[in-house]
$ cat model32.cif   # mmCIF, C-alpha atoms
data_start
#
loop_
_atom_site.group_PDB
_atom_site.id
_atom_site.type_symbol
_atom_site.label_atom_id
_atom_site.label_comp_id
_atom_site.auth_asym_id
_atom_site.auth_seq_id
_atom_site.Cartn_x
_atom_site.Cartn_y
_atom_site.Cartn_z
ATOM 1 C CA GLY A 238 8.394 18.045 21.365
ATOM 2 C CA THR A 239 6.052 20.828 22.341
ATOM 3 C CA PRO A 240 5.861 23.029 25.419
ATOM 4 C CA PHE A 241 2.041 22.806 25.279
ATOM 5 C CA PRO A 242 -0.145 19.916 26.429
ATOM 6 C CA LEU A 243 -1.506 17.906 23.500
ATOM 7 C CA LYS A 244 -5.038 16.614 23.070
ATOM 8 C CA LEU A 245 -5.939 13.838 20.620
ATOM 9 C CA GLU A 246 -8.638 15.225 18.314
ATOM 10 C CA ARG A 247 -9.221 12.187 16.088
ATOM 11 C CA ALA A 248 -7.746 8.838 15.148
ATOM 12 C CA PHE A 249 -8.274 6.640 12.085
ATOM 13 C CA ARG A 250 -7.699 3.007 11.174
ATOM 14 C CA CYS A 251 -5.538 2.870 8.070
ATOM 15 C CA PRO A 252 -4.212 -0.086 6.024
ATOM 16 C CA THR A 253 -1.044 1.759 5.001
ATOM 17 C CA PRO A 254 -0.262 4.492 7.535
ATOM 18 C CA ASN A 255 3.125 5.367 5.988
ATOM 19 C CA LEU A 256 1.481 6.029 2.620
ATOM 20 C CA TYR A 257 -1.186 8.289 4.079
ATOM 21 C CA GLU A 258 1.229 10.157 6.322
ATOM 22 C CA LYS A 259 3.380 10.953 3.281
ATOM 23 C CA TYR A 260 0.285 11.847 1.263
ATOM 24 C CA PHE A 261 -0.890 14.366 3.885
ATOM 25 C CA HIS A 262 2.644 15.768 4.230
ATOM 26 C CA LYS A 263 2.614 16.504 0.482
ATOM 27 C CA LEU A 264 -0.961 17.810 0.506
ATOM 28 C CA PHE A 265 -0.351 20.217 3.378
ATOM 29 C CA LYS A 266 3.300 21.104 2.695
ATOM 30 C CA SER A 267 2.516 24.833 2.495
ATOM 31 C CA GLN A 268 1.044 24.708 6.017
ATOM 32 C CA ARG A 269 4.040 22.900 7.482
ATOM 33 C CA GLY A 270 5.737 24.516 10.430
ATOM 34 C CA LYS A 271 8.783 23.020 12.075
ATOM 35 C CA GLY A 272 9.311 19.252 11.986
ATOM 36 C CA GLU A 273 6.031 17.330 12.133
ATOM 37 C CA TRP A 274 3.883 20.356 13.025
ATOM 38 C CA PHE A 275 1.272 21.790 10.651
ATOM 39 C CA ASP A 276 -0.977 24.849 10.873
ATOM 40 C CA LEU A 277 -4.193 23.453 9.371
ATOM 41 C CA SER A 278 -7.408 25.348 8.776
ATOM 42 C CA GLU A 279 -10.819 23.865 9.566
ATOM 43 C CA GLN A 280 -11.231 23.212 5.824
ATOM 44 C CA ASP A 281 -7.908 21.295 5.772
ATOM 45 C CA GLU A 282 -9.034 19.210 8.741
ATOM 46 C CA CYS A 283 -12.362 18.473 7.037
ATOM 47 C CA GLU A 284 -10.546 17.369 3.885
ATOM 48 C CA MET A 285 -8.376 15.015 5.943
ATOM 49 C CA ASP A 286 -11.459 13.680 7.737
ATOM 50 C CA ASP A 287 -13.261 13.059 4.426
ATOM 51 C CA VAL A 288 -10.332 11.133 2.932
ATOM 52 C CA MET A 289 -9.839 8.975 6.023
ATOM 53 C CA GLU A 290 -13.542 8.386 6.750
ATOM 54 C CA ASN A 291 -14.143 7.295 3.142
ATOM 55 C CA LEU A 292 -11.131 4.991 3.287
ATOM 56 C CA TYR A 293 -12.380 3.437 6.519
ATOM 57 C CA HIS A 294 -15.962 2.895 5.334
ATOM 58 C CA THR A 295 -15.449 1.975 1.677
ATOM 59 C CA GLY A 296 -11.781 1.066 1.267
ATOM 60 C CA ASN A 297 -11.546 3.618 -1.555
ATOM 61 C CA PHE A 298 -9.177 6.561 -1.720
ATOM 62 C CA ILE A 299 -10.864 9.867 -2.685
ATOM 63 C CA GLY A 300 -7.909 12.255 -2.334
ATOM 64 C CA ASP A 301 -5.650 13.780 -4.991
ATOM 65 C CA THR A 302 -4.031 10.632 -6.434
ATOM 66 C CA SER A 303 -1.406 12.677 -8.299
ATOM 67 C CA LEU A 304 0.227 13.322 -4.902
ATOM 68 C CA LEU A 305 0.708 9.579 -4.389
ATOM 69 C CA LYS A 306 3.063 9.222 -7.317
ATOM 70 C CA ASN A 307 6.727 8.668 -6.392
ATOM 71 C CA ILE A 308 6.007 8.143 -2.691
ATOM 72 C CA GLN A 309 8.452 5.584 -1.326
ATOM 73 C CA LEU A 310 6.391 2.996 0.551
ATOM 74 C CA GLU A 311 9.187 1.145 2.302
ATOM 75 C CA LYS A 312 10.387 2.115 5.756
ATOM 76 C CA GLY A 313 13.835 3.654 5.859
ATOM 77 C CA LYS A 314 15.991 4.679 2.918
ATOM 78 C CA LYS A 315 16.954 2.454 0.002
ATOM 79 C CA GLY A 316 19.645 -0.041 0.804
ATOM 80 C CA ASN A 317 20.245 1.060 4.371
ATOM 81 C CA GLY A 318 19.793 -2.491 5.669
ATOM 82 C CA ARG A 319 16.986 -1.627 8.103
ATOM 83 C CA LYS A 320 14.495 -4.354 8.922
ATOM 84 C CA VAL A 321 11.193 -3.912 7.086
ATOM 85 C CA ASP A 322 7.876 -5.542 7.968
ATOM 86 C CA LEU A 323 7.170 -7.565 4.839
ATOM 87 C CA PHE A 324 3.415 -7.673 5.393
ATOM 88 C CA ASP A 325 3.255 -3.855 5.505
ATOM 89 C CA GLN A 326 5.410 -3.540 2.398
ATOM 90 C CA VAL A 327 3.392 -6.063 0.371
ATOM 91 C CA ASN A 328 0.158 -4.464 1.564
ATOM 92 C CA SER A 329 1.469 -1.051 0.468
ATOM 93 C CA ILE A 330 2.499 -2.392 -2.935
ATOM 94 C CA LEU A 331 -0.969 -3.823 -3.576
ATOM 95 C CA HIS A 332 -2.712 -0.712 -2.259
ATOM 96 C CA GLY A 333 -0.613 1.621 -4.430
ATOM 97 C CA HIS A 334 -1.333 -0.386 -7.580
ATOM 98 C CA ARG A 335 -5.030 -0.596 -6.682
ATOM 99 C CA LEU A 336 -5.200 3.209 -6.433
ATOM 100 C CA ASP A 337 -3.444 3.521 -9.790
ATOM 101 C CA LEU A 338 -5.867 1.070 -11.409
ATOM 102 C CA GLN A 339 -8.865 2.923 -9.973
ATOM 103 C CA GLU A 340 -7.522 6.281 -11.184
ATOM 104 C CA ASN A 341 -6.612 5.026 -14.668
ATOM 105 C CA SER A 342 -9.282 2.391 -15.261
ATOM 106 C CA ASN A 343 -9.514 3.236 -18.953
ATOM 107 C CA VAL A 344 -5.802 2.531 -19.647
ATOM 108 C CA SER A 345 -5.104 -1.080 -18.637
ATOM 109 C CA SER A 346 -6.690 -3.704 -16.436
ATOM 110 C CA ARG A 347 -3.406 -4.737 -14.786
ATOM 111 C CA ARG A 348 -0.335 -3.135 -13.236
ATOM 112 C CA TYR A 349 2.984 -4.966 -13.388
ATOM 113 C CA LEU A 350 5.311 -4.684 -10.394
ATOM 114 C CA SER A 351 8.753 -3.137 -10.549
ATOM 115 C CA ARG A 352 11.747 -5.435 -10.052
ATOM 116 C CA LYS A 353 12.132 -4.320 -6.421
ATOM 117 C CA ASP A 354 8.433 -4.810 -5.606
ATOM 118 C CA LYS A 355 8.395 -8.138 -7.435
ATOM 119 C CA ILE A 356 11.224 -9.404 -5.199
ATOM 120 C CA ALA A 357 9.331 -8.421 -2.022
ATOM 121 C CA VAL A 358 6.128 -10.091 -3.227
ATOM 122 C CA ILE A 359 7.970 -13.274 -4.263
ATOM 123 C CA VAL A 360 9.541 -13.469 -0.782
ATOM 124 C CA ALA A 361 5.982 -13.358 0.605
ATOM 125 C CA LEU A 362 4.620 -15.751 -2.040
ATOM 126 C CA LYS A 363 7.165 -18.402 -1.029
ATOM 127 C CA LYS A 364 5.428 -18.480 2.379
ATOM 128 C CA HIS A 365 2.002 -19.149 0.818
ATOM 129 C CA PRO A 366 0.584 -22.570 1.816
ATOM 130 C CA GLU A 367 0.255 -23.407 -1.904
ATOM 131 C CA ALA A 368 3.492 -21.706 -2.991
ATOM 132 C CA SER A 369 4.731 -24.497 -5.249
ATOM 133 C CA GLU A 370 1.390 -24.644 -7.096
ATOM 134 C CA LYS A 371 1.209 -20.851 -7.416
ATOM 135 C CA ILE A 372 4.821 -20.510 -8.637
ATOM 136 C CA GLY A 373 4.586 -23.534 -10.932
ATOM 137 C CA CYS A 374 7.354 -23.600 -13.576
ATOM 138 C CA GLY A 375 8.709 -20.221 -12.393
ATOM 139 C CA VAL A 376 7.670 -16.594 -12.028
ATOM 140 C CA ASP A 377 8.108 -14.339 -15.037
ATOM 141 C CA SER A 378 6.268 -11.332 -13.592
ATOM 142 C CA ILE A 379 3.727 -10.303 -10.983
ATOM 143 C CA PHE A 380 0.867 -7.899 -11.567
ATOM 144 C CA VAL A 381 -2.156 -6.494 -9.736
ATOM 145 C CA LYS A 382 -5.570 -6.876 -11.312
ATOM 146 C CA GLU A 383 -9.186 -6.337 -10.296
ATOM 147 C CA VAL A 384 -11.115 -9.572 -9.827
ATOM 148 C CA PHE A 385 -14.708 -10.347 -8.931
ATOM 149 C CA TYR A 386 -15.651 -13.034 -6.431
ATOM 150 C CA HIS A 387 -19.379 -13.618 -5.984
ATOM 151 C CA GLY A 388 -20.045 -10.216 -7.582
ATOM 152 C CA ILE A 389 -17.722 -8.329 -5.220
ATOM 153 C CA SER A 390 -14.765 -6.383 -6.616
ATOM 154 C CA SER A 391 -11.331 -6.981 -5.135
ATOM 155 C CA TYR A 392 -7.732 -6.398 -6.170
ATOM 156 C CA CYS A 393 -5.100 -9.083 -5.828
ATOM 157 C CA PHE A 394 -1.696 -10.172 -7.007
ATOM 158 C CA HIS A 395 -1.321 -12.482 -10.007
ATOM 159 C CA VAL A 396 1.686 -14.585 -10.950
ATOM 160 C CA GLN A 397 2.511 -14.726 -14.639
ATOM 161 C CA ARG A 398 4.604 -17.848 -15.060
ATOM 162 C CA ILE A 399 7.423 -18.420 -17.506
ATOM 163 C CA ASP A 400 5.115 -20.599 -19.659
ATOM 164 C CA GLY A 401 2.594 -17.722 -19.917
ATOM 165 C CA SER A 402 0.013 -19.193 -17.543
ATOM 166 C CA GLU A 403 -1.396 -17.016 -14.774
ATOM 167 C CA GLU A 404 -2.595 -17.610 -11.228
ATOM 168 C CA ASP A 405 -3.966 -15.200 -8.635
ATOM 169 C CA PHE A 406 -3.093 -15.372 -4.939
ATOM 170 C CA SER A 407 -4.036 -13.724 -1.701
ATOM 171 C CA TYR A 408 -1.073 -12.202 0.092
ATOM 172 C CA HIS A 409 -3.003 -12.605 3.353
ATOM 173 C CA SER A 410 -2.547 -16.372 2.977
ATOM 174 C CA CYS A 411 1.211 -15.810 2.986
ATOM 175 C CA PHE A 412 0.948 -14.293 6.458
ATOM 176 C CA SER A 413 -1.719 -16.462 8.009
ATOM 177 C CA ARG A 414 0.788 -17.728 10.566
ATOM 178 C CA ASP A 415 2.839 -15.668 13.041
ATOM 179 C CA ARG A 416 3.691 -12.320 11.378
ATOM 180 C CA SER A 417 6.815 -11.889 13.498
ATOM 181 C CA ASN A 418 8.657 -14.341 11.251
ATOM 182 C CA PHE A 419 8.122 -12.308 8.092
ATOM 183 C CA GLY A 420 10.533 -9.404 8.405
ATOM 184 C CA TYR A 421 13.341 -9.150 5.895
ATOM 185 C CA THR A 422 16.244 -6.881 5.233
ATOM 186 C CA HIS A 423 15.893 -4.494 2.310
ATOM 187 C CA VAL A 424 18.828 -5.145 -0.042
ATOM 188 C CA GLY A 425 18.752 -2.221 -2.440
ATOM 189 C CA PRO A 426 17.102 -1.130 -5.686
#

$ encode --input "model32.cif" --output "structure tokens"
Amino acid sequence: GTPFPLKLERAFRCPTPNLYEKYFHKLFKSQRGKGEWFDLSEQDECEMDDVMENLYHTGNFIGDTSLLKNIQLEKGKKGNGRKVDLFDQVNSILHGHRLDLQENSNVSSRRYLSRKDKIAVIVALKKHPEASEKIGCGVDSIFVKEVFYHGISSYCFHVQRIDGSEEDFSYHSCFSRDRSNFGYTHVGP
């Protein structure tokens, strides 16, 4: 709370608000007051505007990507049993790996998911209209990779099956129906 009236200065559309909130908390930690209050300079505000405007117009992150490392993307603490919106979690997983691929494009063309992230994505994948075809003989691993459709770059999930074959899939197809049915309970590490 605040004893002063508040005025909204700016608002941004953001695909992963939890990620960006945590990013800005880390970026401006030295300007943090009490709780959620920050004492930002005009230069700090301009930096925030630049990051968010670029994200909105291009879909690319231009901030300090080193601050994104080790940010927990799920809501709540590990294993506390709180309900998590699966769409938001899967979106955050893809977005985080996309940023890593863009930052380290000279290292590898794919990023494999951790065991925990793989479980969340498989839960979503099972809701895909072509789930049985995508899963095939069984999922060995899931990774994120840049793909080009009609000359346009995009990042998506890929299933690597037990037999070594691979198939890409759009996580949006997993949620094309009513999103309210896609929550799940986080079960630990």

$ resolve_selection --input "model32.cif" --expression "the PyMOL selection byres ((chain A and resi 385-392) around 9)" --output "list of chain:residue names"
A:Leu331, A:His332, A:His334, A:Arg335, A:Val381, A:Lys382, A:Glu383, A:Val384, A:Cys393, A:Phe394

$ closest_residue --input "model32.cif" --among "A:Asp276, A:Arg352, A:Leu338, A:Ala361" --to "Asp377 (chain A)" --atoms "all atoms listed in the file"
A:Arg352

$ atom_distance --input "model32.cif" --atom1 "CA of Gly375 (chain A)" --atom2 "CA of Arg398 (chain A)"
5.4 Å

$ atom_distance --input "model32.cif" --atom1 "CA of Phe265 (chain A)" --atom2 "CA of Leu277 (chain A)"
7.8 Å

$ atom_distance --input "model32.cif" --atom1 "CA of Ser329 (chain A)" --atom2 "CA of Asp354 (chain A)"
10.0 Å
